[in-house]
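K.L.:
Sharing a structure below in structure tokens format, with a few things to ask.
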Amino acid sequence: MTAYRTEIPPDAVAPTRHPDAPAPGFVLPTHYANCFGCGPGQPHGLHMRIVVGEGCDLTATFDVTEDHQGAPGLAHGGLLASALDEILGMLGHLTRMSCVTARLETDFRRPVPVGTRLYLTSRADAVAGRKLYASGQGHLDAPDGPVAVRARALFVQVGLEHFTENGRAAEIDAIGRDPSLITHIGDYTVNP
Ligand SMILES: CCCCCCCC(=O)SCCNC(=O)CCNC(=O)[C@H](O)C(C)(C)COP(=O)(O)OP(=O)(O)OC[C@H]1O[C@@H](n2cnc3c(N)ncnc32)[C@H](O)[C@@H]1OP(=O)(O)O
């Protein structure tokens, strides 16, 4: 059997949904206007609409367009991995862990034609210190459609300095001039 580096370690615990996490059904706003996964500022981005679930889980849709092609009429695999990365990363809204992706393992099970609406799910599986283990999948054209892509991921919790010290100054400064580029939910923002 394959040994995954995203295998959950024995000292991990079940994730806890934060008491102030958004309610089930809440549509998460983009966390950053220029995010490729969810931002409106990216004309060819994924424009994902991510909805809070009942537990530590999320659902989303992603419409695959001609801008997302890898082979003729088919979605690029890296973009499908990006969609999973986005819905997995947004789980931090529920656990209130500001995380970045450390590892993302993706299985591509079926081709995804242009014109497909991909129904994505993600859930937090376990937490071990700063590490959040999560998994997700994408279904073709219906929430219970065939699984086309699935992933397991490890996210690592970071502080705000991860973004302010590593991000390009132009974009960090732009947020200083226009704070609405990043979105807070109540008193909280996941990142940047
Ligand atoms: C709302 C937001 C939605 C956004 C969705 C999209 C999210 C993204 O795509 S984020 C962008 C892509 N990711 C990145 O740029 C991250 C780049 N990597 C880094 O900055 C660093 O390597 C970082 C922060 C992950 C870890 O560095 P650091 O803070 O020094 O911690 P480090 O001690 O190395 O690792 C912490 C733990 O994670 C483990 N770990 C780190 N990387 C990996 C890995 N790739 N595989 C397995 N384990 C890992 C370490 O072994 C360590 O485990 P333990 O605590 O048991 O010793």
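For the structure tokens, the naming scheme is as follows: chains receive sequential letters (A, B, ...) according to their order of presentation, residues are indexed from 1 within each chain, and ligands are indexed from 1 in presentation order.
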Based on DSSP run over this structure's backbone, return all residues of chain A in strand (DSSP E or B), as a PyMOL selection string.

P.N.:
chain A and resi 13+27-28+32+49-52+57-63+69+74-75+99-108+113+117-128+131-140+147-157+182+185+188

K.L.:
Show me which residues sit within 9 Å of ligand 1 when counting only C-alpha atoms and all ligand atoms, and put them as a PyMOL selection string.

P.N.:
chain A and resi 4-7+9+30-32+35-38+82-93+98-104+128-131+153-159+162+166+189-192

K.L.:
Write out as a PyMOL selection string which residues come within 8 Å of range 114-120 of chain A when counting only C-alpha atoms, dropping same-chain ones fewer than 3 positions away.

P.N.:
chain A and resi 59-66+68-69+73-75+84+87+136-143

K.L.:
Keeping only N, CA and C atoms, write those residues as a compact mmCIF listing (two decimals), in the first residue's frame.

P.N.:
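Wrote it out as again.txt, contents follow:
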# COMPACT_ATOMS: atom_id res chain seq x y z
N THR A 59 -18.74 22.77 0.69
CA THR A 59 -19.06 22.36 -0.67
C THR A 59 -18.81 23.56 -1.59
N ALA A 60 -18.61 23.26 -2.86
CA ALA A 60 -18.38 24.34 -3.82
C ALA A 60 -18.72 23.85 -5.21
N THR A 61 -18.93 24.83 -6.10
CA THR A 61 -19.04 24.51 -7.52
C THR A 61 -17.96 25.26 -8.28
N PHE A 62 -17.55 24.66 -9.37
CA PHE A 62 -16.54 25.25 -10.25
C PHE A 62 -16.96 24.91 -11.68
N ASP A 63 -17.24 25.95 -12.46
CA ASP A 63 -17.64 25.74 -13.85
C ASP A 63 -16.40 25.75 -14.74
N VAL A 64 -16.17 24.64 -15.41
CA VAL A 64 -14.98 24.48 -16.25
C VAL A 64 -15.25 25.11 -17.62
N THR A 65 -14.45 26.12 -17.96
CA THR A 65 -14.65 26.83 -19.22
C THR A 65 -13.46 26.59 -20.15
N GLU A 66 -13.56 27.16 -21.35
CA GLU A 66 -12.47 27.01 -22.32
C GLU A 66 -11.17 27.65 -21.83
N HIS A 68 -9.90 27.02 -19.08
CA HIS A 68 -9.31 26.08 -18.13
C HIS A 68 -8.79 24.82 -18.82
N GLN A 69 -8.60 24.88 -20.15
CA GLN A 69 -8.22 23.67 -20.88
C GLN A 69 -6.75 23.29 -20.69
N GLY A 73 -10.62 20.67 -25.21
CA GLY A 73 -11.93 20.39 -24.64
C GLY A 73 -11.91 19.73 -23.28
N LEU A 74 -10.73 19.64 -22.68
CA LEU A 74 -10.63 18.99 -21.36
C LEU A 74 -9.92 19.91 -20.37
N ALA A 75 -10.33 19.82 -19.10
CA ALA A 75 -9.73 20.65 -18.06
C ALA A 75 -8.27 20.26 -17.83
N LEU A 84 -9.26 22.03 -5.81
CA LEU A 84 -9.26 21.28 -4.55
C LEU A 84 -8.45 22.01 -3.49
N ILE A 87 -10.71 24.79 -1.98
CA ILE A 87 -11.79 24.38 -1.07
C ILE A 87 -11.22 23.70 0.19
N GLY A 136 -10.72 15.91 0.07
CA GLY A 136 -11.82 16.44 -0.73
C GLY A 136 -11.92 15.73 -2.05
N GLN A 137 -13.03 16.02 -2.76
CA GLN A 137 -13.22 15.41 -4.07
C GLN A 137 -14.13 16.26 -4.94
N GLY A 138 -14.08 15.95 -6.23
CA GLY A 138 -14.91 16.68 -7.18
C GLY A 138 -15.75 15.72 -8.00
N HIS A 139 -17.06 16.00 -8.07
CA HIS A 139 -18.01 15.14 -8.79
C HIS A 139 -18.44 15.82 -10.09
N LEU A 140 -18.64 15.02 -11.12
CA LEU A 140 -19.04 15.54 -12.42
C LEU A 140 -20.53 15.86 -12.46
N ASP A 141 -20.84 17.15 -12.66
CA ASP A 141 -22.18 17.63 -13.05
C ASP A 141 -23.30 17.43 -12.03
N ALA A 142 -23.02 16.81 -10.90
CA ALA A 142 -24.05 16.68 -9.86
C ALA A 142 -23.34 16.37 -8.54
N PRO A 143 -23.96 16.75 -7.43
CA PRO A 143 -23.31 16.47 -6.14
C PRO A 143 -23.00 14.99 -5.94
